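Student: This structure is in structure tokens; I'll ask about it shortly.
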Number of protein chains: 2
Amino acid sequence: MSNCSALRLNGPILLRQIRALGEIGADPVNGGRTRIALSDAEKAGRDQLVAWMNALDLDVRIDRIGNIFGTLRSAADQGDQAPLMIGSHIDTVTNAGALDGCYGVLAGLAVVRAFREAAVLPARSITVAAFTNEEGVRYQPDMMGSLVYAGGMAVDAALATLGTDGSRLGEELQRIGYAGDLEPGSIVPYEYLELHIEQGPILEAENTLIGVVENLQGISWQQVTVQGNANHAGTTPTRLRHDAGYVASAVVAELRQIARDSGGTTLATVGCMNFEPNVINVIPRKARFTVDLRDPDEQRLLAAEKRLEAYLAVIAEEEGVRIGTERLVRFQPVIFDAGLADEIEASAVRLGFSHKRMTSGAGHDAQMIARIAPSAMIFVPSQGGISHNPREHTDDDQLIKGAEVLLDVVVRRLNTPR
Amino acid sequence: MSNCSALRLNGPILLRQIRALGEIGADPVNGGRTRIALSDAEKAGRDQLVAWMNALDLDVRIDRIGNIFGTLRSAADQGDQAPLMIGSHIDTVTNAGALDGCYGVLAGLAVVRAFREAAVLPARSITVAAFTNEEGVRYQPDMMGSLVYAGGMAVDAALATLGTDGSRLGEELQRIGYAGDLEPGSIVPYEYLELHIEQGPILEAENTLIGVVENLQGISWQQVTVQGNANHAGTTPTRLRHDAGYVASAVVAELRQIARDSGGTTLATVGCMNFEPNVINVIPRKARFTVDLRDPDEQRLLAAEKRLEAYLAVIAEEEGVRIGTERLVRFQPVIFDAGLADEIEASAVRLGFSHKRMTSGAGHDAQMIARIAPSAMIFVPSQGGISHNPREHTDDDQLIKGAEVLLDVVVRRLNTPR
């Protein structure tokens, strides 16, 4: 490859594309944007991404689970070369910010653009990937596209997934025109890099620009269903109640205690809660809620799960209710590739950016791709640690510098033999 | 009036009508029936009731809030006679039993039927009333029809009420054809009687047939809204969270404690709970829930409200959230007419039925009508104390005997001067 020193990251275009994609699915009333996986709004986002890939004259391919790949081929690539892959996702939660996922995908395009603008070809093909349904709002598990891609879930099982709205993932994929023919996993990456906002408060709190992500905490998702008795709120003595809503609330309080007792390593969240019949003067017959437990240490994560299980047994007995649990997601902590992490740190040093080694608190597609290729992540600060929220923010110069680190790492790795 | 001894309650027809009305809005899948006030299903129930009133040749009138009145006129009634009123409601909660409300209205028809079948006229006109929206599922406050009728709420304010589905009560009333022209309250009852299932476990537990209801506990309904911060479940340290869902759950636990500490007189229920955005990996930004507090003693009810208020202030401070409360309903405890209660007890004695003086735990239309006329209630047992549930049940012979007590009381009161 000639003249790498000529490669420059085009910051203004990167920022413009982040803002343009952020306008798709935007909610003028509540703020933020909502592009739930395989919705009409997300289809519009996909169409915009593919248009930008075509504008860069990339080889665009869609696989059977709807993952989008845009490849800049090296001169040597006869279609048999393992590409260096840069990826993330463009689906969002409800009322999301503009950066989560999108920043990593569009920074990948910015890396490719640097080659196009310098009119040079990379020594190894570069593939920019946008994985399907990373957020897992409508279809679970989350990180589904990369999970399937890494062979962790059968394609047909994923396509058969029923959504919270009763829709079937495969049919929605057909509906929006992103049911491709490429077999997931058929493009095996040489290495995988993902640039992402931290979605946490650590880098900002420590006034550090670049997070060198060397591992990722384990994640345990469960759905808990409490079955009690509906009864009249005004006539049923407290001692005779089998109140599913009270039991669910007591579990939420216990989960907070589990998190407190861990000394800060275990995180516990109940994001979804639904009562039935959800009527003001009727004792809830049923309560369904989700439990999100995370810890960077597998043994501590297991301990938290066991403590929850034991508590559910105790309170079910005390309150005379039936409690069922369904495992939705379970990922062990992930250790990223040490060589790639060293490379990221070296690039930060070379560019004179403050940096620190850290753990990812959130789940990312990189943890799936790490099963099939050396992988690592680069973080930039999130203001106030806020994410999954319209107030999600990272300064423009931080976004550009993060992408410059990504470009520098890519250039170094292109010629690295293995 | 001639030959009162000829009056017999027709039990089989009463039971048939209870079952027939219970089929309207029935849910073959989940069981039970749903006739939310002013829904299509409830219109069908109203049409059936009016048809039965017409079959008894009653003078049927509808007032502006949709209350239905069917009057059997005495010979002396020139339209200026205050009738003895027997009433309740035919709207239901979701997946309700067949007895709540309907039993009292149809027992009123059974009393009138006894006169028709004996071909005698009562010494004083008898009006059977079905009051609008007693349950308050879609439109609040509950017991709205009788509240308006008793002058406790302006008709126009009631008609302007917005439902949980965004509909306007007055428009729904027009839509189903029950926006009458009678001014609410224009028929002032001489006395008011309401026969109802207990909806609680006391009569069954004490193997007693007739509840002589001498008072009714106070009711306090509030809507509580907790405003926290939406944030990423995997990256936000516990100490930095402003979790609206956790705060709501802690309040539910505190309410249970308030009920426990009262020694059983205070009842506390959270029937409705909603999280936003209600996404598995997002810390809830907002939680909205209802609080139903009841106590037969006004001072204890006030104390429970104050303790809740104080707890909300403390936890809002601790967790860094904003908490707002909105009063939905507040009714002080009601003392029913002692003379009527004595009459009910005397009838139970005369008929040889076991009986006990008791407090009504539920709210009933009688508590509203008590503002404008001497009122009292008669209870029969509820199996397992279960109500607002398809499993709501009272034995047929208990239903018939309760109606026989009602008929006996009516016959005694018709000739009582005041």
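Just so we're on the same page: first chain in the structure tokens is A, next is B, and so on; residues restart at 1 for each chain, and ligands are numbered from 1 in the order they show up.
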Only residues of chain A matter here; which ones have an atom within 8 Å of chain B, counting only C-alpha atoms? Give them as a PyMOL selection string.

Tutor: chain A and resi 93-94+137+199-201+230-238+245-246+248-250+252-253+256+259-260+264+267-275+277-284+290-292+294+360-363+385-389

Student: Please, could you write that set of residues out with C-alpha atoms as a short mmCIF file (atom, residue, chain, number, x, y, z; two decimals), in the first residue's frame?

Tutor:
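Writing done, so here's part30.cif:
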```cif
data_model
loop_
_atom_site.label_atom_id
_atom_site.label_comp_id
_atom_site.auth_asym_id
_atom_site.auth_seq_id
_atom_site.Cartn_x
_atom_site.Cartn_y
_atom_site.Cartn_z
CA VAL A 93 -33.76 1.79 21.87
CA THR A 94 -36.85 4.01 22.33
CA VAL A 137 -35.87 -4.05 22.32
CA GLN A 199 -22.22 4.91 27.75
CA GLY A 200 -20.83 5.31 31.25
CA PRO A 201 -19.31 8.08 33.37
CA ALA A 230 -56.66 -10.80 41.76
CA ASN A 231 -58.89 -9.58 44.56
CA HIS A 232 -60.79 -6.53 45.73
CA ALA A 233 -58.49 -3.83 47.09
CA GLY A 234 -60.98 -2.69 49.71
CA THR A 235 -62.12 -5.93 51.26
CA THR A 236 -59.16 -8.31 51.29
CA PRO A 237 -57.26 -8.25 54.60
CA THR A 238 -53.52 -7.76 54.12
CA GLY A 245 -47.38 -6.53 42.38
CA TYR A 246 -46.10 -6.35 45.94
CA ALA A 248 -42.45 -7.97 42.23
CA SER A 249 -41.70 -4.72 44.06
CA ALA A 250 -40.02 -6.57 46.91
CA VAL A 252 -36.77 -5.02 42.87
CA ALA A 253 -35.77 -3.82 46.34
CA ARG A 256 -30.88 -3.14 44.73
CA ALA A 259 -26.00 -4.61 43.88
CA ARG A 260 -25.13 -2.62 47.02
CA GLY A 264 -20.13 -1.92 43.13
CA LEU A 267 -25.15 -4.10 38.55
CA ALA A 268 -28.86 -4.98 38.82
CA THR A 269 -31.66 -3.34 36.84
CA VAL A 270 -35.37 -3.93 36.42
CA GLY A 271 -36.23 -2.09 33.22
CA CYS A 272 -39.60 -3.65 32.33
CA MET A 273 -42.50 -4.04 34.75
CA ASN A 274 -46.10 -4.96 33.92
CA PHE A 275 -49.03 -5.62 36.27
CA PRO A 277 -55.07 -6.53 35.30
CA ASN A 278 -53.44 -3.12 36.08
CA VAL A 279 -56.62 -1.71 37.59
CA ILE A 280 -56.53 0.76 40.48
CA ASN A 281 -58.80 -1.15 42.90
CA VAL A 282 -57.79 -4.71 42.04
CA ILE A 283 -54.89 -6.51 43.73
CA PRO A 284 -52.54 -7.49 40.86
CA THR A 290 -37.15 -8.28 33.57
CA VAL A 291 -33.92 -8.62 35.53
CA ASP A 292 -30.60 -7.39 34.08
CA ARG A 294 -23.99 -7.71 35.13
CA SER A 360 -17.01 -2.40 28.98
CA GLY A 361 -20.13 -2.28 31.11
CA ALA A 362 -22.45 -2.59 28.15
CA GLY A 363 -22.84 -5.50 25.78
CA GLY A 385 -22.42 8.82 31.43
CA ILE A 386 -25.86 9.26 29.85
CA SER A 387 -26.94 6.90 27.07
CA HIS A 388 -30.13 5.28 25.77
CA ASN A 389 -31.51 8.78 26.21
#
```

Student: Would you please give, as number ranges by chain, all residues of range 165-315 of chain A that DSSP assigns to helix (DSSP H, G or I) based on the backbone?

Tutor: A: 169-175, 202-205, 238-240, 244-261, 298-315

Student: Give the strand (DSSP E) residues of range 115-198 of chain B, as DSSP finds them on the backbone, and put them as a PyMOL selection string.

Tutor: chain B and resi 126-130+191-197

Student: Give me a file of those residues, with N, CA, C and O atoms, as an mmCIF file, in the first residue's frame.

Tutor:
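again.cif was written with the following content:
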```cif
data_model
loop_
_atom_site.group_PDB
_atom_site.id
_atom_site.type_symbol
_atom_site.label_atom_id
_atom_site.label_comp_id
_atom_site.auth_asym_id
_atom_site.auth_seq_id
_atom_site.Cartn_x
_atom_site.Cartn_y
_atom_site.Cartn_z
ATOM 1 N N ILE B 126 -91.712 2.355 43.902
ATOM 2 C CA ILE B 126 -90.407 1.703 44.057
ATOM 3 C C ILE B 126 -89.601 1.940 42.785
ATOM 4 O O ILE B 126 -90.072 1.669 41.680
ATOM 5 N N THR B 127 -88.378 2.494 42.940
ATOM 6 C CA THR B 127 -87.515 2.746 41.785
ATOM 7 C C THR B 127 -86.282 1.855 41.857
ATOM 8 O O THR B 127 -85.617 1.789 42.887
ATOM 9 N N VAL B 128 -86.037 1.135 40.764
ATOM 10 C CA VAL B 128 -84.813 0.338 40.654
ATOM 11 C C VAL B 128 -83.810 1.153 39.844
ATOM 12 O O VAL B 128 -84.132 1.613 38.743
ATOM 13 N N ALA B 129 -82.611 1.350 40.431
ATOM 14 C CA ALA B 129 -81.623 2.214 39.783
ATOM 15 C C ALA B 129 -80.351 1.440 39.418
ATOM 16 O O ALA B 129 -79.905 0.585 40.181
ATOM 17 N N ALA B 130 -79.814 1.733 38.219
ATOM 18 C CA ALA B 130 -78.487 1.232 37.827
ATOM 19 C C ALA B 130 -77.634 2.467 37.550
ATOM 20 O O ALA B 130 -77.891 3.204 36.599
ATOM 21 N N GLU B 191 -86.054 6.547 50.674
ATOM 22 C CA GLU B 191 -84.983 5.797 51.320
ATOM 23 C C GLU B 191 -84.266 5.007 50.232
ATOM 24 O O GLU B 191 -84.812 4.785 49.154
ATOM 25 N N TYR B 192 -83.025 4.587 50.526
ATOM 26 C CA TYR B 192 -82.246 3.854 49.526
ATOM 27 C C TYR B 192 -81.679 2.576 50.137
ATOM 28 O O TYR B 192 -81.111 2.590 51.230
ATOM 29 N N LEU B 193 -81.853 1.468 49.417
ATOM 30 C CA LEU B 193 -81.319 0.171 49.857
ATOM 31 C C LEU B 193 -80.439 -0.424 48.754
ATOM 32 O O LEU B 193 -80.771 -0.313 47.572
ATOM 33 N N GLU B 194 -79.304 -1.020 49.156
ATOM 34 C CA GLU B 194 -78.449 -1.683 48.170
ATOM 35 C C GLU B 194 -78.037 -3.053 48.705
ATOM 36 O O GLU B 194 -77.504 -3.173 49.799
ATOM 37 N N LEU B 195 -78.358 -4.075 47.911
ATOM 38 C CA LEU B 195 -77.996 -5.460 48.230
ATOM 39 C C LEU B 195 -76.754 -5.808 47.396
ATOM 40 O O LEU B 195 -76.726 -5.533 46.192
ATOM 41 N N HIS B 196 -75.734 -6.378 48.043
ATOM 42 C CA HIS B 196 -74.474 -6.606 47.329
ATOM 43 C C HIS B 196 -73.762 -7.813 47.914
ATOM 44 O O HIS B 196 -73.977 -8.162 49.075
ATOM 45 N N ILE B 197 -72.947 -8.473 47.089
ATOM 46 C CA ILE B 197 -72.056 -9.504 47.645
ATOM 47 C C ILE B 197 -70.996 -8.784 48.474
ATOM 48 O O ILE B 197 -70.646 -7.632 48.187
#
```

Student: Which residues come within 9 Å of Thr92 in chain B, counting only C-alpha atoms, excluding same-chain residues fewer than 2 positions away, as a list in words?

Tutor: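 Non-adjacent residues within range: Arg33, Thr34, Arg35, Ile36, Ala37, Glu42, His89, Ile90, Thr94, Asn95, Ala96, Gly97, Ala98, Asp100, Gly101, Cys102, Asn133, Glu134, Glu135, Gly136, Val137 and His388 of chain B.
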
Student: Could you write out that same residue set with C-alpha atoms as an mmCIF file, in the first residue's frame?

Tutor:
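Below is the file selection37.cif, written as the result:
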```cif
data_model
loop_
_atom_site.group_PDB
_atom_site.id
_atom_site.type_symbol
_atom_site.label_atom_id
_atom_site.label_comp_id
_atom_site.auth_asym_id
_atom_site.auth_seq_id
_atom_site.Cartn_x
_atom_site.Cartn_y
_atom_site.Cartn_z
ATOM 1 C CA ARG B 33 -66.812 -10.885 31.504
ATOM 2 C CA THR B 34 -65.744 -7.320 30.772
ATOM 3 C CA ARG B 35 -68.300 -4.522 30.583
ATOM 4 C CA ILE B 36 -66.253 -1.394 31.150
ATOM 5 C CA ALA B 37 -68.564 1.603 31.622
ATOM 6 C CA GLU B 42 -71.855 -2.399 28.655
ATOM 7 C CA HIS B 89 -74.582 -0.838 39.000
ATOM 8 C CA ILE B 90 -74.055 -3.147 36.003
ATOM 9 C CA THR B 94 -61.831 -6.328 33.438
ATOM 10 C CA ASN B 95 -62.460 -10.119 33.659
ATOM 11 C CA ALA B 96 -65.086 -9.611 36.347
ATOM 12 C CA GLY B 97 -67.485 -11.967 38.081
ATOM 13 C CA ALA B 98 -71.226 -11.940 37.339
ATOM 14 C CA ASP B 100 -70.745 -7.425 41.655
ATOM 15 C CA GLY B 101 -73.389 -4.697 41.188
ATOM 16 C CA CYS B 102 -75.619 -6.765 38.909
ATOM 17 C CA ASN B 133 -69.523 3.907 35.979
ATOM 18 C CA GLU B 134 -69.360 2.557 39.515
ATOM 19 C CA GLU B 135 -66.086 0.735 38.864
ATOM 20 C CA GLY B 136 -64.086 3.694 37.592
ATOM 21 C CA VAL B 137 -61.887 1.578 35.329
ATOM 22 C CA HIS B 388 -63.249 -8.523 40.608
#
```
